[in-house]
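Below is structure05.pdb, holding PDB, C-alpha atoms.
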```pdb
ATOM      1  CA  MET A 694      26.570  -6.976  21.490
ATOM      2  CA  VAL A 695      29.223  -5.090  19.512
ATOM      3  CA  ASP A 696      28.828  -1.392  18.704
ATOM      4  CA  ARG A 697      31.052  -1.226  15.577
ATOM      5  CA  MET A 698      30.813  -3.173  12.348
ATOM      6  CA  ARG A 699      31.918  -3.461   8.737
ATOM      7  CA  GLN A 700      29.852  -1.686   6.128
ATOM      8  CA  ALA A 701      30.244  -1.104   2.373
ATOM      9  CA  GLN A 702      29.774   2.583   1.613
ATOM     10  CA  LEU A 703      29.910   4.931  -1.349
ATOM     11  CA  ASP A 704      30.563   8.673  -1.428
ATOM     12  CA  GLU A 705      29.749   9.281  -5.093
ATOM     13  CA  TRP A 706      28.053   7.603  -8.032
ATOM     14  CA  GLY A 707      30.363   5.689 -10.327
ATOM     15  CA  GLY A 708      31.886   2.324 -11.162
ATOM     16  CA  PRO A 709      32.315  -0.605  -8.766
ATOM     17  CA  GLU A 710      35.455   1.016  -7.381
ATOM     18  CA  VAL A 711      33.404   3.668  -5.552
ATOM     19  CA  LEU A 712      32.273   0.979  -3.102
ATOM     20  CA  HIS A 713      34.603   0.744  -0.124
ATOM     21  CA  VAL A 714      34.354  -1.278   3.084
ATOM     22  CA  VAL A 715      34.924   0.430   6.422
ATOM     23  CA  ASP A 716      35.541  -1.460   9.663
ATOM     24  CA  ASP A 717      34.292   1.039  12.217
ATOM     25  CA  ALA A 718      30.733   1.930  11.205
ATOM     26  CA  ALA A 719      28.261   2.297  14.053
ATOM     27  CA  VAL A 720      25.858  -0.597  14.589
ATOM     28  CA  PRO A 721      22.342   0.853  14.149
ATOM     29  CA  GLU A 722      19.633   0.779  16.794
ATOM     30  CA  ALA A 723      16.379  -1.126  16.583
ATOM     31  CA  TYR A 724      14.015   1.842  16.565
ATOM     32  CA  PRO A 725      10.282   1.392  17.178
ATOM     33  CA  GLY A 726       8.797  -0.855  14.534
ATOM     34  CA  HIS A 727      12.258  -2.079  13.516
ATOM     35  CA  LEU A 728      14.436  -5.152  13.976
ATOM     36  CA  LEU A 729      18.217  -5.262  14.208
ATOM     37  CA  LEU A 730      19.564  -8.150  12.147
ATOM     38  CA  GLU A 731      22.933  -9.845  12.173
ATOM     39  CA  THR A 732      23.468 -10.380   8.465
ATOM     40  CA  ALA A 733      23.678 -13.934   7.186
ATOM     41  CA  SER A 734      23.516 -13.155   3.453
ATOM     42  CA  ILE A 735      22.759 -10.243   1.107
ATOM     43  CA  GLY A 736      21.187 -10.431  -2.339
ATOM     44  CA  ILE A 737      22.554  -8.330  -5.194
ATOM     45  CA  ASN A 738      20.173  -7.201  -7.950
ATOM     46  CA  PRO A 739      20.590  -5.170 -11.148
ATOM     47  CA  VAL A 740      19.083  -2.165  -9.371
ATOM     48  CA  ASP A 741      22.058  -2.278  -6.984
ATOM     49  CA  TRP A 742      24.676  -1.613  -9.645
ATOM     50  CA  LYS A 743      22.427   0.695 -11.638
ATOM     51  CA  THR A 744      21.882   2.821  -8.530
ATOM     52  CA  ARG A 745      25.580   2.775  -7.672
ATOM     53  CA  ALA A 746      26.210   4.206 -11.154
ATOM     54  CA  GLY A 747      23.690   7.007 -10.586
ATOM     55  CA  SER A 748      20.538   5.626 -12.213
ATOM     56  CA  GLY A 749      18.289   2.896 -10.801
ATOM     57  CA  VAL A 750      16.622   4.437  -7.745
ATOM     58  CA  ALA A 751      19.393   6.993  -7.153
ATOM     59  CA  ASP A 752      16.867   9.818  -7.336
ATOM     60  CA  GLN A 753      14.949   8.247  -4.437
ATOM     61  CA  LEU A 754      17.918   8.362  -2.056
ATOM     62  CA  PRO A 755      19.079  11.154   0.265
ATOM     63  CA  ALA A 756      21.845  13.527  -0.728
ATOM     64  CA  ALA A 757      23.842  12.901   2.457
ATOM     65  CA  ARG A 758      26.987  10.802   2.148
ATOM     66  CA  PRO A 759      28.155   8.157   2.649
ATOM     67  CA  LEU A 760      25.355   5.945   1.345
ATOM     68  CA  VAL A 761      24.909   2.230   1.990
ATOM     69  CA  LEU A 762      23.097   0.300  -0.719
ATOM     70  CA  GLY A 763      21.509  -3.149  -0.683
ATOM     71  CA  TRP A 764      17.933  -4.266  -0.078
ATOM     72  CA  ASP A 765      17.666  -8.061  -0.086
ATOM     73  CA  ILE A 766      18.753  -9.622   3.174
ATOM     74  CA  ALA A 767      18.559 -12.723   5.341
ATOM     75  CA  GLY A 768      19.674 -12.578   8.947
ATOM     76  CA  LYS A 769      19.097 -13.275  12.618
ATOM     77  CA  VAL A 770      17.180 -10.902  14.878
ATOM     78  CA  VAL A 771      19.509  -9.633  17.617
ATOM     79  CA  ALA A 772      17.330  -6.814  18.956
ATOM     80  CA  THR A 773      13.755  -5.600  18.538
ATOM     81  CA  GLY A 774      12.325  -2.126  18.770
ATOM     82  CA  HIS A 775       8.984  -1.245  20.284
ATOM     83  CA  ASP A 776       5.914  -2.468  18.384
ATOM     84  CA  SER A 777       7.969  -5.017  16.427
ATOM     85  CA  THR A 778       5.320  -7.653  17.007
ATOM     86  CA  GLY A 779       5.655 -11.162  15.666
ATOM     87  CA  PHE A 780       9.436 -11.405  15.967
ATOM     88  CA  SER A 781      11.788 -12.336  18.792
ATOM     89  CA  VAL A 782      15.532 -12.240  19.334
ATOM     90  CA  GLY A 783      17.011 -15.313  17.687
ATOM     91  CA  ASP A 784      14.479 -15.519  14.849
ATOM     92  CA  MET A 785      15.824 -15.961  11.329
ATOM     93  CA  VAL A 786      14.113 -13.625   8.879
ATOM     94  CA  PHE A 787      14.473 -12.466   5.291
ATOM     95  CA  GLY A 788      13.035  -9.691   3.182
ATOM     96  CA  MET A 789      13.504  -6.579   1.062
ATOM     97  CA  ALA A 790      14.414  -3.669   3.311
ATOM     98  CA  GLY A 791      13.073  -0.188   2.654
ATOM     99  CA  PHE A 792      12.973  -0.282  -1.144
ATOM    100  CA  PRO A 793      13.099   2.094  -3.000
ATOM    101  CA  GLY A 794      14.620   4.101  -0.146
ATOM    102  CA  LEU A 795      17.873   3.206   1.558
ATOM    103  CA  GLY A 796      18.125  -0.448   2.558
ATOM    104  CA  ASN A 797      21.599  -0.257   4.142
ATOM    105  CA  ALA A 798      22.007  -4.012   3.643
ATOM    106  CA  TYR A 799      25.724  -3.996   2.804
ATOM    107  CA  ALA A 800      26.785  -4.445   6.417
ATOM    108  CA  ASP A 801      27.328  -6.909   9.249
ATOM    109  CA  TYR A 802      24.236  -5.557  11.011
ATOM    110  CA  VAL A 803      21.145  -3.942   9.489
ATOM    111  CA  ALA A 804      18.100  -2.255  11.025
ATOM    112  CA  VAL A 805      14.988  -3.121   9.014
ATOM    113  CA  ARG A 806      11.306  -2.352   9.316
ATOM    114  CA  ALA A 807       9.554  -5.349  10.802
ATOM    115  CA  ILE A 808       6.889  -5.111   8.100
ATOM    116  CA  ASP A 809       9.532  -5.615   5.382
ATOM    117  CA  VAL A 810      10.590  -9.115   6.480
ATOM    118  CA  THR A 811       9.053 -12.467   7.288
ATOM    119  CA  HIS A 812      10.117 -15.579   9.170
ATOM    120  CA  ALA A 813      12.687 -17.596   7.260
ATOM    121  CA  PRO A 814      11.968 -21.260   6.532
ATOM    122  CA  ALA A 815      14.385 -23.309   8.604
ATOM    123  CA  ASP A 816      14.994 -25.702   5.723
ATOM    124  CA  VAL A 817      16.148 -23.088   3.172
ATOM    125  CA  ASP A 818      19.757 -21.895   2.994
ATOM    126  CA  PRO A 819      20.296 -18.207   3.923
ATOM    127  CA  ALA A 820      22.010 -17.527   0.596
ATOM    128  CA  GLU A 821      18.922 -18.687  -1.289
ATOM    129  CA  LEU A 822      16.707 -16.657   1.026
ATOM    130  CA  ALA A 823      18.764 -13.511   0.446
ATOM    131  CA  GLY A 824      18.539 -14.004  -3.302
ATOM    132  CA  THR A 825      14.764 -14.322  -3.208
ATOM    133  CA  PRO A 826      12.896 -11.174  -2.063
ATOM    134  CA  MET A 827      13.179  -8.615  -4.859
ATOM    135  CA  VAL A 828      12.913 -11.024  -7.777
ATOM    136  CA  SER A 829      10.137 -13.078  -6.211
ATOM    137  CA  LEU A 830       8.064 -10.087  -5.117
ATOM    138  CA  THR A 831       8.414  -8.533  -8.571
ATOM    139  CA  ALA A 832       7.159 -11.709 -10.219
ATOM    140  CA  TRP A 833       4.401 -12.256  -7.643
ATOM    141  CA  GLN A 834       3.081  -8.706  -7.907
ATOM    142  CA  ALA A 835       3.130  -8.845 -11.709
ATOM    143  CA  LEU A 836       1.388 -12.199 -12.025
ATOM    144  CA  PHE A 837      -1.094 -12.110  -9.183
ATOM    145  CA  ALA A 838      -1.588  -8.563  -7.883
ATOM    146  CA  ILE A 839      -1.672  -6.975 -11.353
ATOM    147  CA  ALA A 840      -2.502  -9.655 -13.934
ATOM    148  CA  GLU A 841      -4.679 -11.781 -11.608
ATOM    149  CA  LEU A 842      -3.322 -15.004 -13.083
ATOM    150  CA  VAL A 843      -5.564 -18.073 -12.675
ATOM    151  CA  ALA A 844      -5.215 -21.768 -13.419
ATOM    152  CA  GLY A 845      -5.635 -22.799 -17.033
ATOM    153  CA  GLN A 846      -4.253 -19.639 -18.591
ATOM    154  CA  LYS A 847      -1.487 -19.651 -21.188
ATOM    155  CA  VAL A 848       1.530 -17.602 -20.096
ATOM    156  CA  LEU A 849       4.696 -16.488 -21.861
ATOM    157  CA  VAL A 850       7.606 -15.341 -19.697
ATOM    158  CA  GLN A 851      10.151 -13.295 -21.628
ATOM    159  CA  GLY A 852      13.544 -13.972 -20.070
ATOM    160  CA  GLY A 853      12.495 -17.122 -18.247
ATOM    161  CA  ALA A 854      15.966 -18.008 -16.961
ATOM    162  CA  GLY A 855      16.696 -14.594 -15.444
ATOM    163  CA  GLY A 856      16.339 -13.633 -11.807
ATOM    164  CA  VAL A 857      12.764 -12.359 -12.023
ATOM    165  CA  GLY A 858      11.884 -14.616 -14.947
ATOM    166  CA  HIS A 859      12.727 -17.930 -13.312
ATOM    167  CA  MET A 860      10.617 -17.000 -10.297
ATOM    168  CA  ALA A 861       7.713 -16.039 -12.561
ATOM    169  CA  VAL A 862       7.921 -19.371 -14.368
ATOM    170  CA  GLN A 863       7.731 -21.274 -11.087
ATOM    171  CA  PHE A 864       4.850 -19.194  -9.709
ATOM    172  CA  ALA A 865       2.841 -19.571 -12.910
ATOM    173  CA  VAL A 866       3.446 -23.319 -13.054
ATOM    174  CA  ASN A 867       2.412 -23.695  -9.414
ATOM    175  CA  ALA A 868      -0.720 -21.669 -10.138
ATOM    176  CA  GLY A 869      -1.778 -24.174 -12.792
ATOM    177  CA  ALA A 870      -0.928 -22.152 -15.893
ATOM    178  CA  THR A 871       0.530 -23.536 -19.112
ATOM    179  CA  VAL A 872       3.866 -21.767 -19.261
ATOM    180  CA  PHE A 873       6.252 -20.984 -22.104
ATOM    181  CA  ALA A 874       9.524 -19.106 -21.549
ATOM    182  CA  THR A 875      12.192 -17.616 -23.776
ATOM    183  CA  ALA A 876      15.782 -18.407 -22.860
ATOM    184  CA  GLY A 877      19.186 -18.850 -24.442
ATOM    185  CA  PRO A 878      20.603 -22.180 -25.635
ATOM    186  CA  SER A 879      22.387 -22.951 -22.351
ATOM    187  CA  ASP A 880      19.207 -22.422 -20.318
ATOM    188  CA  GLN A 881      16.777 -24.571 -22.279
ATOM    189  CA  GLN A 882      17.118 -27.510 -19.882
ATOM    190  CA  PHE A 883      16.871 -25.233 -16.838
ATOM    191  CA  VAL A 884      13.601 -23.722 -18.045
ATOM    192  CA  THR A 885      12.267 -27.191 -18.803
ATOM    193  CA  GLU A 886      13.107 -28.334 -15.279
ATOM    194  CA  LEU A 887      11.144 -25.364 -13.921
ATOM    195  CA  GLY A 888       8.079 -26.709 -15.683
ATOM    196  CA  ALA A 889       7.902 -24.461 -18.757
ATOM    197  CA  THR A 890       8.180 -25.129 -22.474
ATOM    198  CA  PRO A 891      11.381 -23.336 -23.539
ATOM    199  CA  ILE A 892      11.683 -21.153 -26.623
ATOM    200  CA  ASP A 893      15.241 -20.503 -27.829
ATOM    201  CA  TYR A 894      15.283 -16.799 -28.696
ATOM    202  CA  THR A 895      18.476 -17.250 -30.737
ATOM    203  CA  LYS A 896      16.646 -19.417 -33.286
ATOM    204  CA  GLY A 897      14.434 -17.045 -35.191
ATOM    205  CA  ASP A 898      11.359 -15.165 -34.070
ATOM    206  CA  PHE A 899       9.846 -16.433 -30.812
ATOM    207  CA  ALA A 900       6.420 -15.467 -32.158
ATOM    208  CA  ASP A 901       6.705 -18.297 -34.692
ATOM    209  CA  HIS A 902       6.484 -20.772 -31.810
ATOM    210  CA  ILE A 903       3.541 -19.452 -29.811
ATOM    211  CA  ASP A 904       0.268 -17.568 -30.136
ATOM    212  CA  ASN A 905      -3.046 -16.976 -28.349
ATOM    213  CA  VAL A 906      -1.318 -16.141 -25.068
ATOM    214  CA  ASP A 907      -3.455 -14.930 -22.169
ATOM    215  CA  LEU A 908      -0.567 -13.205 -20.401
ATOM    216  CA  VAL A 909       2.923 -12.098 -21.365
ATOM    217  CA  PHE A 910       5.264 -11.238 -18.514
ATOM    218  CA  ASP A 911       8.077  -9.247 -20.107
ATOM    219  CA  THR A 912      11.399  -8.749 -18.314
ATOM    220  CA  ILE A 913      13.267  -7.586 -21.445
ATOM    221  CA  GLY A 914      11.469  -4.602 -22.968
ATOM    222  CA  GLY A 915      12.240  -2.859 -26.245
ATOM    223  CA  LYS A 916      11.621  -4.901 -29.390
ATOM    224  CA  VAL A 917      10.715  -7.941 -27.287
ATOM    225  CA  PHE A 918       7.866  -6.035 -25.646
ATOM    226  CA  LEU A 919       6.571  -4.823 -29.007
ATOM    227  CA  ARG A 920       6.719  -8.249 -30.656
ATOM    228  CA  SER A 921       5.039  -9.800 -27.620
ATOM    229  CA  LEU A 922       1.894  -7.840 -28.401
ATOM    230  CA  ASP A 923       1.444  -9.924 -31.547
ATOM    231  CA  VAL A 924       1.173 -13.246 -29.696
ATOM    232  CA  LEU A 925      -1.585 -12.189 -27.306
ATOM    233  CA  ALA A 926      -5.037 -13.669 -27.580
ATOM    234  CA  ASP A 927      -8.087 -11.393 -27.719
ATOM    235  CA  GLY A 928      -8.449  -9.994 -24.214
ATOM    236  CA  GLY A 929      -4.861 -10.926 -23.340
ATOM    237  CA  ARG A 930      -2.622  -8.648 -21.333
ATOM    238  CA  ILE A 931       1.034  -7.827 -20.879
ATOM    239  CA  VAL A 932       2.968  -6.797 -17.765
ATOM    240  CA  THR A 933       6.501  -5.450 -18.113
ATOM    241  CA  THR A 934       9.342  -4.692 -15.711
ATOM    242  CA  PRO A 935      11.937  -2.586 -17.609
ATOM    243  CA  ASN A 936      10.043   0.721 -17.832
ATOM    244  CA  PRO A 937       6.578   2.066 -18.606
ATOM    245  CA  SER A 938       7.531   4.017 -21.707
ATOM    246  CA  GLN A 939       6.047   1.486 -24.168
ATOM    247  CA  LEU A 940       2.707   0.930 -22.469
ATOM    248  CA  ASP A 941       0.883   3.451 -24.652
ATOM    249  CA  VAL A 942       1.817   1.488 -27.782
ATOM    250  CA  ALA A 943      -0.034  -1.531 -26.392
ATOM    251  CA  ARG A 944      -2.943   0.477 -25.071
ATOM    252  CA  ARG A 945      -3.504   2.150 -28.427
ATOM    253  CA  ARG A 946      -4.038  -1.357 -29.786
ATOM    254  CA  GLY A 947      -6.639  -2.056 -27.120
ATOM    255  CA  ILE A 948      -4.321  -4.312 -25.106
ATOM    256  CA  ARG A 949      -4.271  -4.203 -21.330
ATOM    257  CA  ALA A 950      -0.708  -3.280 -20.443
ATOM    258  CA  ASP A 951       0.866  -2.580 -17.071
ATOM    259  CA  TRP A 952       4.246  -1.866 -15.510
ATOM    260  CA  VAL A 953       5.301  -3.443 -12.224
ATOM    261  CA  PHE A 954       7.503  -1.553  -9.771
ATOM    262  CA  VAL A 955       8.235  -3.811  -6.839
ATOM    263  CA  HIS A 956       7.429  -2.861  -3.249
ATOM    264  CA  PRO A 957       7.905  -4.691   0.063
ATOM    265  CA  ASP A 958       4.947  -6.824   1.091
ATOM    266  CA  GLN A 959       5.197  -9.058   4.149
ATOM    267  CA  ALA A 960       2.062 -11.070   3.405
ATOM    268  CA  GLN A 961       3.205 -11.900  -0.123
ATOM    269  CA  LEU A 962       6.690 -12.789   1.085
ATOM    270  CA  THR A 963       5.205 -15.111   3.705
ATOM    271  CA  GLU A 964       3.329 -16.979   0.969
ATOM    272  CA  ILE A 965       6.533 -17.192  -1.052
ATOM    273  CA  ALA A 966       8.407 -18.540   1.989
ATOM    274  CA  ALA A 967       5.813 -21.297   2.357
ATOM    275  CA  LEU A 968       6.353 -22.317  -1.272
ATOM    276  CA  GLN A 969      10.106 -22.396  -0.679
ATOM    277  CA  SER A 970       9.730 -24.516   2.425
ATOM    278  CA  ALA A 971       7.491 -26.943   0.519
ATOM    279  CA  GLY A 972      10.126 -27.271  -2.203
ATOM    280  CA  LYS A 973       7.813 -25.823  -4.844
ATOM    281  CA  ILE A 974      10.105 -22.936  -5.779
ATOM    282  CA  HIS A 975      13.854 -22.458  -5.682
ATOM    283  CA  THR A 976      16.089 -19.454  -6.240
ATOM    284  CA  ARG A 977      19.006 -20.120  -8.542
ATOM    285  CA  ILE A 978      22.282 -18.865  -7.050
ATOM    286  CA  ALA A 979      24.971 -18.059  -9.585
ATOM    287  CA  ARG A 980      27.856 -17.007  -7.348
ATOM    288  CA  SER A 981      28.659 -15.906  -3.817
ATOM    289  CA  PHE A 982      31.070 -13.175  -2.719
ATOM    290  CA  THR A 983      32.231 -11.853   0.642
ATOM    291  CA  LEU A 984      31.475  -8.329   1.814
ATOM    292  CA  ALA A 985      35.117  -7.415   1.152
ATOM    293  CA  GLU A 986      34.468  -8.414  -2.474
ATOM    294  CA  ILE A 987      31.360  -6.240  -2.905
ATOM    295  CA  ALA A 988      32.936  -4.237  -5.752
ATOM    296  CA  GLU A 989      33.826  -7.470  -7.523
ATOM    297  CA  ALA A 990      30.243  -8.691  -7.076
ATOM    298  CA  HIS A 991      28.940  -5.535  -8.758
ATOM    299  CA  ALA A 992      31.435  -5.855 -11.616
ATOM    300  CA  TYR A 993      30.452  -9.484 -12.147
ATOM    301  CA  GLY A 994      26.774  -8.590 -12.241
ATOM    302  CA  GLU A 995      27.283  -5.795 -14.750
ATOM    303  CA  GLN A 996      29.064  -8.161 -17.136
ATOM    304  CA  GLY A 997      25.837 -10.126 -17.530
ATOM    305  CA  LEU A 998      27.577 -13.412 -16.790
ATOM    306  CA  ALA A 999      25.382 -14.530 -13.911
ATOM    307  CA  HIS A1000      22.995 -17.396 -14.559
ATOM    308  CA  GLY A1001      20.980 -16.771 -11.423
ATOM    309  CA  LYS A1002      21.295 -14.556  -8.379
ATOM    310  CA  ILE A1003      24.457 -13.035  -6.911
ATOM    311  CA  VAL A1004      24.757 -13.121  -3.136
ATOM    312  CA  VAL A1005      27.175 -11.675  -0.610
ATOM    313  CA  THR A1006      27.993 -13.217   2.752
ATOM    314  CA  PRO A1007      29.562 -11.139   5.516
ATOM    315  CA  ARG A1008      32.636 -13.375   5.718
TER
END
```
Let me see the structure of the file written as structure tokens.
Amino acid sequence: MVDRMRQAQLDEWGGPEVLHVVDDAAVPEAYPGHLLLETASIGINPVDWKTRAGSGVADQLPAARPLVLGWDIAGKVVATGHDSTGFSVGDMVFGMAGFPGLGNAYADYVAVRAIDVTHAPADVDPAELAGTPMVSLTAWQALFAIAELVAGQKVLVQGGAGGVGHMAVQFAVNAGATVFATAGPSDQQFVTELGATPIDYTKGDFADHIDNVDLVFDTIGGKVFLRSLDVLADGGRIVTTPNPSQLDVARRRGIRADWVFVHPDQAQLTEIAALQSAGKIHTRIARSFTLAEIAEAHAYGEQGLAHGKIVVTPR
């Protein structure tokens, strides 16, 4: 077992250039309740680059520098701390580490809480696993923990081809809902393949194509959130991801409205892993980078060019 490793650090908030890779960071210990993972792949999410720039969850992180960002990870257990029950050295696992605190995932080795990960399906590629946790848990918690989605309901997913959106579409379809999803022209076929009826948001008002919706899952916010209120059936509800600032507008109209802020949940992730293994859901990977290219990965994500998840592999 080595005692030094590569790690992508930052000393200040700023653009992608503030991320720098060091070669001599100390490999962390597997403290009680923790696992030490050898990283196979790391998922990059919008919160990664927003936090790097000083927003996102920056206010949740310690003042000490350097900081190591990154939360989504897939890797092999190389050491276990005390009370890390259910895992053994050699197990492949994946999960969302420590969010919204420090995840420290941008590294060759990462110490994670055992309760933040689950066993990885052997038949799913590590890159897809690493791209899954944050987006899938966000969608799962919105649809099932908050909205209590059941079979037969009519669902509209705003942003159905995005990271969170395409997971929500698949979960809702698998739950037996009738699903509609807004997407751009190039993603109409993709949304259809996921099992939803696509609505091209570039061709007029989406509300002209749908009404009497039991649940809107909104990943866009702003005007899209406000217009979504008009397509809800009596007793319908809306759950949004961008921010909670617009909830009062819906509530003043008597609409049940909620905001989802994702948190690690091992039991939920285990259910998601079973769906992946069964081939019922897939995570769309847009592009893969190496750890040395972490700044480039952030820059690519910020440009909004990714049709799917961005992942980083150690080498």
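One finds CA of Ala733 in chain A at 14.0 Å from CA of Val805 in chain A.
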#### Entry: Within 9 Å of range 766-783 of chain A using all atoms listed in the file, minus same-chain residues under 2 positions, as a ChimeraX atom specification
/A:694,722-736,763-764,785-790,798-799,802-803,806-808,810-813,819-826
Residue selection dump (C-alpha atoms) as a CSV table (one decimal), in the frame of the given file:
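This went into selection_16.csv:
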```csv
chain,number,residue,atom,x,y,z
A,694,MET,CA,26.6,-7.0,21.5
A,722,GLU,CA,19.6,0.8,16.8
A,723,ALA,CA,16.4,-1.1,16.6
A,724,TYR,CA,14.0,1.8,16.6
A,725,PRO,CA,10.3,1.4,17.2
A,726,GLY,CA,8.8,-0.9,14.5
A,727,HIS,CA,12.3,-2.1,13.5
A,728,LEU,CA,14.4,-5.2,14.0
A,729,LEU,CA,18.2,-5.3,14.2
A,730,LEU,CA,19.6,-8.2,12.1
A,731,GLU,CA,22.9,-9.8,12.2
A,732,THR,CA,23.5,-10.4,8.5
A,733,ALA,CA,23.7,-13.9,7.2
A,734,SER,CA,23.5,-13.2,3.5
A,735,ILE,CA,22.8,-10.2,1.1
A,736,GLY,CA,21.2,-10.4,-2.3
A,763,GLY,CA,21.5,-3.1,-0.7
A,764,TRP,CA,17.9,-4.3,-0.1
A,785,MET,CA,15.8,-16.0,11.3
A,786,VAL,CA,14.1,-13.6,8.9
A,787,PHE,CA,14.5,-12.5,5.3
A,788,GLY,CA,13.0,-9.7,3.2
A,789,MET,CA,13.5,-6.6,1.1
A,790,ALA,CA,14.4,-3.7,3.3
A,798,ALA,CA,22.0,-4.0,3.6
A,799,TYR,CA,25.7,-4.0,2.8
A,802,TYR,CA,24.2,-5.6,11.0
A,803,VAL,CA,21.1,-3.9,9.5
A,806,ARG,CA,11.3,-2.4,9.3
A,807,ALA,CA,9.6,-5.3,10.8
A,808,ILE,CA,6.9,-5.1,8.1
A,810,VAL,CA,10.6,-9.1,6.5
A,811,THR,CA,9.1,-12.5,7.3
A,812,HIS,CA,10.1,-15.6,9.2
A,813,ALA,CA,12.7,-17.6,7.3
A,819,PRO,CA,20.3,-18.2,3.9
A,820,ALA,CA,22.0,-17.5,0.6
A,821,GLU,CA,18.9,-18.7,-1.3
A,822,LEU,CA,16.7,-16.7,1.0
A,823,ALA,CA,18.8,-13.5,0.4
A,824,GLY,CA,18.5,-14.0,-3.3
A,825,THR,CA,14.8,-14.3,-3.2
A,826,PRO,CA,12.9,-11.2,-2.1
```
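Among A:Ile892, A:Ile978, A:Pro878, A:Leu795, the residue with the shortest atom-to-atom distance to Asp752 in chain A, counting only C-alpha atoms, is A:Leu795.
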#### Entry: Test item: residues at most 12 Å from range 944-950 of chain A, only C-alpha atoms, excluding those fewer than 4 positions along its chain, as number ranges by chain
A: 835, 839-840, 907-911, 918-919, 921-934, 936-940
Can you write out as JSON lines which residues of range 699-757 of chain A fall within 10 Å of range 986-1003 of chain A, alongside each residue's closest atom pair and its distance in Å to one decimal, counting only C-alpha atoms and ordering rows by chain and ascending residue number?
```
{"residue": "A:Ala701", "atom": "CA", "partner": "A:Ile987", "partner_atom": "CA", "distance": 7.4}
{"residue": "A:Gly708", "atom": "CA", "partner": "A:Ala992", "partner_atom": "CA", "distance": 8.2}
{"residue": "A:Pro709", "atom": "CA", "partner": "A:Ala988", "partner_atom": "CA", "distance": 4.8}
{"residue": "A:Glu710", "atom": "CA", "partner": "A:Ala988", "partner_atom": "CA", "distance": 6.0}
{"residue": "A:Val711", "atom": "CA", "partner": "A:Ala988", "partner_atom": "CA", "distance": 7.9}
{"residue": "A:Leu712", "atom": "CA", "partner": "A:Ala988", "partner_atom": "CA", "distance": 5.9}
{"residue": "A:His713", "atom": "CA", "partner": "A:Ala988", "partner_atom": "CA", "distance": 7.7}
{"residue": "A:Val714", "atom": "CA", "partner": "A:Ile987", "partner_atom": "CA", "distance": 8.3}
{"residue": "A:Ile735", "atom": "CA", "partner": "A:Ile1003", "partner_atom": "CA", "distance": 8.7}
{"residue": "A:Gly736", "atom": "CA", "partner": "A:Ile1003", "partner_atom": "CA", "distance": 6.2}
{"residue": "A:Ile737", "atom": "CA", "partner": "A:Ile1003", "partner_atom": "CA", "distance": 5.4}
{"residue": "A:Asn738", "atom": "CA", "partner": "A:Ile1003", "partner_atom": "CA", "distance": 7.3}
{"residue": "A:Pro739", "atom": "CA", "partner": "A:Gly994", "partner_atom": "CA", "distance": 7.2}
{"residue": "A:Asp741", "atom": "CA", "partner": "A:His991", "partner_atom": "CA", "distance": 7.8}
{"residue": "A:Trp742", "atom": "CA", "partner": "A:His991", "partner_atom": "CA", "distance": 5.9}
{"residue": "A:Lys743", "atom": "CA", "partner": "A:Glu995", "partner_atom": "CA", "distance": 8.7}
{"residue": "A:Arg745", "atom": "CA", "partner": "A:His991", "partner_atom": "CA", "distance": 9.0}
```
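Atom to atom, CA of Val1005 in chain A and CA of Val866 in chain A stand 29.2 Å apart.
Relative to CA of Asn797 in chain A, CA of Gly858 in chain A is found at 25.8 Å.
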